[in-house]
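Each remark here refers to the structure printed beneath this line.
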Amino acid sequence: MSDRVTVIGWDGSPLTAAATAALSAATLVAGAAHHLALPEVPHGAERIRLGSVDLAARRIAGHRGSAVVLADGDPGFFGVVRTLRAPEHGLEVEVVPAVSSVATAFARAGMPWDDAQIVVAHPRTLRRAVNVCRAHHKVAVLTSPGAGPAELALLLEGVHRTFVICEELGTARERVTVLTSDKTADHAWRDPNVVIVIGGGPETTATSAWLAGRRPDSPQGVRGWALPPTSYGPPGPAVTEPAEGESPALRAAQLARLGPRTGDLLWDIGSGSGALAAEAARFGAAVLAVDSDPAACARTAAAARTLQVPLQVVQGRAPHVLERLPEPDVVRIGGGGVPVVTAVAARRPERVVTHAANRDEAEALGAALGGNGYAVECVLLQSVALDTSAWTERERSVVFLLSAVRSDLAP
């Protein structure tokens with residue numbers, strides 16, 4: 001019985017001596033059609049067309065002889081190695097790696113990729129992959145049938161990005177195409193492919209890059225979150241003090257309850273100063289900031305520039321403007337009352353936060369959320385800012401914070 005399998009990565013270049021030796025001794029070879037057609041595959045070996053890796057692993061575990069699995073690129077990077085190593089298969093895995101398809105794609109584009117996010121897109125995860133493309137400057141997308149370049153572009157409607165589409169890397173049919181996202185859906189693309197999605201913010205510079213896929217540096221010395229309004233740039237001539245619901249303490253509580261993260265799309269309805277929208281973008285979420293006031297939209301865009309984060313500003317009045325927005329994961333409602341709360345609940349985000357100035361308003365908002373399938377909590381937040389030179393009260397804020405979790409997700 002076989003309890004050992006050699007996994008060989010293939011990137012289109014000649015196989016290494018170690019890979020050739022393992023393949024020549026194989027009595028079972030699993031791989032895609034183009035792998036099984038390689039001249040190095042022994043004529044007498046049993047061949048398995050690799051579809052379900054779990055099924056292939058069971059066949060390998062029951063095989064008497066030497067087993068080899070061929071896979072594109074580096075099989076340890078979003079590849080077959082993880083599945084083959086699962087305890088239920090009882091296989092000992094030896095890997096002969098090759099250059100990953102992501103590294104090859106960036107090489108073809110002549111670009112560095114230590115600052116890139118890397119996501120896998122399947123039909124069930126496509127929306128989250130698109131949200132990563134909204135939120136980050138440079139993303140490599142490993143696509144699949146039904147979740148390819150055209151589908152990515154369609155879901156990015158209204159967001160300008162540049163696509164570098166690398167088809168069938170390492171084969172004689174390899175093709176690299178550069179298009180803007182609005183043109184990508186007009187074409188048919190061959191699988192497998194890797195899509196590099198560029199745009200939406202500043203590129204990490206060589207001097208600040210020391211952690212792959214992240215920007216650990218704080219722009220302009222900014223550290224922390226729930227920062228005072230001055231951290232996001234000047235408020236503008238029309239604003240003399242923070243509006244209701246703009247206090248850092250309330251913003252901290254709202255962000256804590258929403259928990260925006262990479263792959264999420266956050267709606268910030270009534271973005272005001274743009275502070276919450278910009279901070280959510282710093283956490284890696286894609287953000288749509290909505291406000292009917294042109295000055296508020298300008299402040300939100302300025303806050304994003306100050307913190308060097310990508311977000312999309314939408315000018316319009318809720319609830320009507322919400323009808324054309326993509327599906328949210330979490331929503332912060334800065335105003336609009338029951339009609340806006342009801343419209344948001346109809347889109348079924350996982351979490352919603354809003355606030356009220358008095359108990360009657362809080363009860364009305366809570367009833368609207370509860371009546372639309374959400375588990376609601378409400379707390380009264382009071383914060384007092386002190387002048388530490390004299391330890392006297394400088395500013396007081398009292399507000400009702402409502403946080404809601406979709407009932408099917410509530411504990």
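Numbering starts fresh at 1 for the residues of each chain in the structure tokens, the chains themselves are lettered A, B, ... in the order given, and ligands are numbered from 1 as they appear.
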>> Using only C-alpha atoms, which protein or nucleic acid residues come within 8 Å of Val405 in chain A? Drop anything in the same chain fewer than 4 positions from it, and give the result as a VMD selection string.
In response: chain A and resid 350 to 352 374 to 376 409 to 410
>> Among range 11-185 of chain A, which residues does DSSP mark as strand (DSSP E or B) when it is run on the backbone? Keep the chain and numbering as in the structure and answer as a PyMOL selection string.
In response: chain A and resi 28-31+46-49+67-72+92-96+117-120+138-142+144+147+162-167+175-180
Range 54-161 of chain A near range 29-43 of chain A within 6 Å: what's each residue's closest atom pair and its distance in Å to one decimal, counting only C-alpha atoms, ordered by chain then ascending residue number, as CSV?
residue,atom,partner,partner_atom,distance
A:Ala67,CA,A:Val29,CA,6.0
A:Val68,CA,A:Val29,CA,4.9
A:Val69,CA,A:Ala30,CA,4.7
A:Leu70,CA,A:Gly31,CA,4.8
Keeping all heavy atoms, export the residues of the selection given above as a compact mmCIF listing (two decimals), in the first residue's frame.
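Output file part.txt is given in full below:
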# COMPACT_ATOMS: atom_id res chain seq x y z
N ALA A 67 3.59 6.80 -6.25
CA ALA A 67 2.59 7.74 -6.74
C ALA A 67 3.18 9.14 -6.88
O ALA A 67 3.99 9.59 -6.05
CB ALA A 67 1.39 7.79 -5.81
N VAL A 68 2.77 9.81 -7.97
CA VAL A 68 3.19 11.19 -8.22
C VAL A 68 1.96 12.01 -8.56
O VAL A 68 1.07 11.56 -9.30
CB VAL A 68 4.22 11.27 -9.39
CG1 VAL A 68 4.38 12.71 -9.88
CG2 VAL A 68 5.56 10.71 -8.95
N VAL A 69 1.89 13.23 -8.03
CA VAL A 69 0.86 14.20 -8.39
C VAL A 69 1.54 15.39 -9.06
O VAL A 69 2.49 15.95 -8.50
CB VAL A 69 0.04 14.67 -7.18
CG1 VAL A 69 -0.93 15.78 -7.57
CG2 VAL A 69 -0.71 13.50 -6.56
N LEU A 70 1.07 15.75 -10.25
CA LEU A 70 1.58 16.92 -10.96
C LEU A 70 0.59 18.07 -10.80
O LEU A 70 -0.62 17.88 -10.93
CB LEU A 70 1.76 16.61 -12.44
CG LEU A 70 2.96 15.72 -12.80
CD1 LEU A 70 2.76 15.06 -14.15
CD2 LEU A 70 4.25 16.54 -12.79
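For the residues A:Val384, A:Leu227, A:Val119, A:Leu250, ranking by smallest atom-to-atom distance to Lys138 in chain A using only C-alpha atoms places A:Val119 first.
The shortest atom-to-atom distance to Thr306 in chain A, with only C-alpha atoms taken into account, belongs to A:Val222 out of A:Ala71, A:Ala150, A:Leu265, A:Val222.
Among A:Glu363, A:Glu279, A:Glu393, A:Asp54, the residue with the shortest atom-to-atom distance to Arg223 in chain A, counting only C-alpha atoms, is A:Glu279.
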So that I can check the surroundings of Ala109 in chain A, please list as an mmCIF file with C-alpha atoms, in the first residue's frame every protein, DNA and RNA residue that reaches within 10 Å of it, counting only C-alpha atoms and ignoring chain neighbours fewer than 2 positions away.
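This went into around-v6.cif:
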data_model
loop_
_atom_site.group_PDB
_atom_site.id
_atom_site.type_symbol
_atom_site.label_atom_id
_atom_site.label_comp_id
_atom_site.auth_asym_id
_atom_site.auth_seq_id
_atom_site.Cartn_x
_atom_site.Cartn_y
_atom_site.Cartn_z
ATOM 1 C CA ALA A 103 5.193 34.976 -9.119
ATOM 2 C CA THR A 104 5.168 34.202 -12.837
ATOM 3 C CA ALA A 105 2.300 36.633 -13.452
ATOM 4 C CA PHE A 106 4.084 39.491 -11.693
ATOM 5 C CA ALA A 107 7.284 38.608 -13.549
ATOM 6 C CA MET A 111 6.218 44.369 -11.164
ATOM 7 C CA PRO A 112 7.208 43.723 -7.542
ATOM 8 C CA VAL A 164 -3.245 42.407 -16.084
ATOM 9 C CA ILE A 165 -4.721 39.103 -17.246
ATOM 10 C CA CYS A 166 -2.297 36.186 -17.575
ATOM 11 C CA VAL A 176 -0.808 38.451 -21.175
ATOM 12 C CA THR A 177 -3.356 41.238 -21.703
ATOM 13 C CA VAL A 178 -3.609 44.665 -20.035
ATOM 14 C CA ILE A 196 -3.414 41.286 -11.293
#
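DSSP, applied to the backbone of this structure, assigns alpha helix (DSSP H) to the following residues of range 314-344 of chain A: Gly337, Val338, Pro339, Val340, Val341, Thr342, Ala343 and Val344 of chain A.
Residues with any atom within 10 Å of Arg251 in chain A, counting only C-alpha atoms and excluding same-chain neighbours fewer than 5 positions away, are A:Trp225, A:Ala226, A:Leu227, A:Gly245, A:Glu246, A:Ala256, A:Arg257, A:Ala275, A:Leu276, A:Glu279, A:Arg332.
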With all heavy atoms retained, write the just-selected residues as a PDB file, in the first residue's frame.
ATOM      1  N   TRP A 225      -6.453  54.347  16.421  1.00  0.00           N
ATOM      2  CA  TRP A 225      -7.717  54.520  15.727  1.00  0.00           C
ATOM      3  C   TRP A 225      -8.695  55.216  16.674  1.00  0.00           C
ATOM      4  O   TRP A 225      -8.358  55.497  17.814  1.00  0.00           O
ATOM      5  CB  TRP A 225      -8.262  53.192  15.217  1.00  0.00           C
ATOM      6  CG  TRP A 225      -8.447  52.122  16.249  1.00  0.00           C
ATOM      7  CD1 TRP A 225      -7.455  51.413  16.866  1.00  0.00           C
ATOM      8  CD2 TRP A 225      -9.680  51.643  16.777  1.00  0.00           C
ATOM      9  NE1 TRP A 225      -7.998  50.521  17.739  1.00  0.00           N
ATOM     10  CE2 TRP A 225      -9.362  50.628  17.706  1.00  0.00           C
ATOM     11  CE3 TRP A 225     -11.014  51.946  16.549  1.00  0.00           C
ATOM     12  CZ2 TRP A 225     -10.332  49.940  18.427  1.00  0.00           C
ATOM     13  CZ3 TRP A 225     -11.984  51.250  17.250  1.00  0.00           C
ATOM     14  CH2 TRP A 225     -11.637  50.269  18.166  1.00  0.00           C
ATOM     15  N   ALA A 226      -9.903  55.523  16.194  1.00  0.00           N
ATOM     16  CA  ALA A 226     -10.830  56.392  16.922  1.00  0.00           C
ATOM     17  C   ALA A 226     -10.107  57.677  17.307  1.00  0.00           C
ATOM     18  O   ALA A 226     -10.126  58.122  18.456  1.00  0.00           O
ATOM     19  CB  ALA A 226     -11.416  55.685  18.143  1.00  0.00           C
ATOM     20  N   LEU A 227      -9.462  58.265  16.325  1.00  0.00           N
ATOM     21  CA  LEU A 227      -8.627  59.435  16.530  1.00  0.00           C
ATOM     22  C   LEU A 227      -9.464  60.709  16.556  1.00  0.00           C
ATOM     23  O   LEU A 227     -10.598  60.731  16.062  1.00  0.00           O
ATOM     24  CB  LEU A 227      -7.596  59.517  15.402  1.00  0.00           C
ATOM     25  CG  LEU A 227      -6.719  58.279  15.230  1.00  0.00           C
ATOM     26  CD1 LEU A 227      -5.905  58.379  13.955  1.00  0.00           C
ATOM     27  CD2 LEU A 227      -5.811  58.098  16.432  1.00  0.00           C
ATOM     28  N   GLY A 245     -22.892  62.454  16.726  1.00  0.00           N
ATOM     29  CA  GLY A 245     -22.500  61.128  16.259  1.00  0.00           C
ATOM     30  C   GLY A 245     -21.094  61.062  15.709  1.00  0.00           C
ATOM     31  O   GLY A 245     -20.687  60.028  15.186  1.00  0.00           O
ATOM     32  N   GLU A 246     -20.315  62.139  15.832  1.00  0.00           N
ATOM     33  CA  GLU A 246     -18.954  62.151  15.285  1.00  0.00           C
ATOM     34  C   GLU A 246     -17.888  62.064  16.362  1.00  0.00           C
ATOM     35  O   GLU A 246     -16.714  62.226  16.080  1.00  0.00           O
ATOM     36  CB  GLU A 246     -18.740  63.439  14.467  1.00  0.00           C
ATOM     37  CG  GLU A 246     -19.466  63.463  13.140  1.00  0.00           C
ATOM     38  CD  GLU A 246     -18.753  62.659  12.065  1.00  0.00           C
ATOM     39  OE1 GLU A 246     -17.584  62.307  12.265  1.00  0.00           O
ATOM     40  OE2 GLU A 246     -19.375  62.381  11.036  1.00  0.00           O
ATOM     41  N   ALA A 256     -15.859  48.820  16.897  1.00  0.00           N
ATOM     42  CA  ALA A 256     -15.676  47.590  17.661  1.00  0.00           C
ATOM     43  C   ALA A 256     -16.823  46.619  17.414  1.00  0.00           C
ATOM     44  O   ALA A 256     -16.623  45.398  17.329  1.00  0.00           O
ATOM     45  CB  ALA A 256     -15.564  47.913  19.147  1.00  0.00           C
ATOM     46  N   ARG A 257     -18.036  47.132  17.287  1.00  0.00           N
ATOM     47  CA  ARG A 257     -19.188  46.258  17.084  1.00  0.00           C
ATOM     48  C   ARG A 257     -19.316  45.795  15.636  1.00  0.00           C
ATOM     49  O   ARG A 257     -19.798  44.701  15.374  1.00  0.00           O
ATOM     50  CB  ARG A 257     -20.453  46.962  17.546  1.00  0.00           C
ATOM     51  CG  ARG A 257     -20.590  46.952  19.064  1.00  0.00           C
ATOM     52  CD  ARG A 257     -21.508  48.036  19.585  1.00  0.00           C
ATOM     53  NE  ARG A 257     -21.691  47.928  21.025  1.00  0.00           N
ATOM     54  CZ  ARG A 257     -20.780  48.312  21.933  1.00  0.00           C
ATOM     55  NH1 ARG A 257     -19.617  48.810  21.530  1.00  0.00           N
ATOM     56  NH2 ARG A 257     -21.016  48.185  23.219  1.00  0.00           N
ATOM     57  N   ALA A 275     -14.349  60.214   8.996  1.00  0.00           N
ATOM     58  CA  ALA A 275     -13.428  59.568   9.927  1.00  0.00           C
ATOM     59  C   ALA A 275     -13.701  58.078  10.050  1.00  0.00           C
ATOM     60  O   ALA A 275     -12.776  57.253   9.994  1.00  0.00           O
ATOM     61  CB  ALA A 275     -13.519  60.239  11.298  1.00  0.00           C
ATOM     62  N   LEU A 276     -14.960  57.691  10.221  1.00  0.00           N
ATOM     63  CA  LEU A 276     -15.249  56.262  10.375  1.00  0.00           C
ATOM     64  C   LEU A 276     -14.954  55.506   9.085  1.00  0.00           C
ATOM     65  O   LEU A 276     -14.386  54.414   9.111  1.00  0.00           O
ATOM     66  CB  LEU A 276     -16.698  56.048  10.805  1.00  0.00           C
ATOM     67  CG  LEU A 276     -17.028  54.584  11.133  1.00  0.00           C
ATOM     68  CD1 LEU A 276     -17.862  54.472  12.402  1.00  0.00           C
ATOM     69  CD2 LEU A 276     -17.724  53.883   9.972  1.00  0.00           C
ATOM     70  N   GLU A 279     -11.204  55.032   8.760  1.00  0.00           N
ATOM     71  CA  GLU A 279     -10.658  54.070   9.717  1.00  0.00           C
ATOM     72  C   GLU A 279     -11.051  52.636   9.358  1.00  0.00           C
ATOM     73  O   GLU A 279     -10.265  51.709   9.510  1.00  0.00           O
ATOM     74  CB  GLU A 279     -11.107  54.421  11.123  1.00  0.00           C
ATOM     75  CG  GLU A 279     -10.445  55.703  11.625  1.00  0.00           C
ATOM     76  CD  GLU A 279     -10.581  55.883  13.120  1.00  0.00           C
ATOM     77  OE1 GLU A 279     -11.468  55.242  13.729  1.00  0.00           O
ATOM     78  OE2 GLU A 279      -9.801  56.662  13.683  1.00  0.00           O
ATOM     79  N   ARG A 332     -22.828  51.101   8.886  1.00  0.00           N
ATOM     80  CA  ARG A 332     -22.976  52.136   9.896  1.00  0.00           C
ATOM     81  C   ARG A 332     -23.938  53.182   9.360  1.00  0.00           C
ATOM     82  O   ARG A 332     -23.754  53.695   8.253  1.00  0.00           O
ATOM     83  CB  ARG A 332     -21.624  52.762  10.218  1.00  0.00           C
ATOM     84  CG  ARG A 332     -21.689  53.882  11.261  1.00  0.00           C
ATOM     85  CD  ARG A 332     -21.615  55.231  10.586  1.00  0.00           C
ATOM     86  NE  ARG A 332     -21.403  56.321  11.544  1.00  0.00           N
ATOM     87  CZ  ARG A 332     -21.220  57.587  11.198  1.00  0.00           C
ATOM     88  NH1 ARG A 332     -21.197  57.930   9.916  1.00  0.00           N
ATOM     89  NH2 ARG A 332     -21.051  58.503  12.112  1.00  0.00           N
TER      90      ARG A 332
END
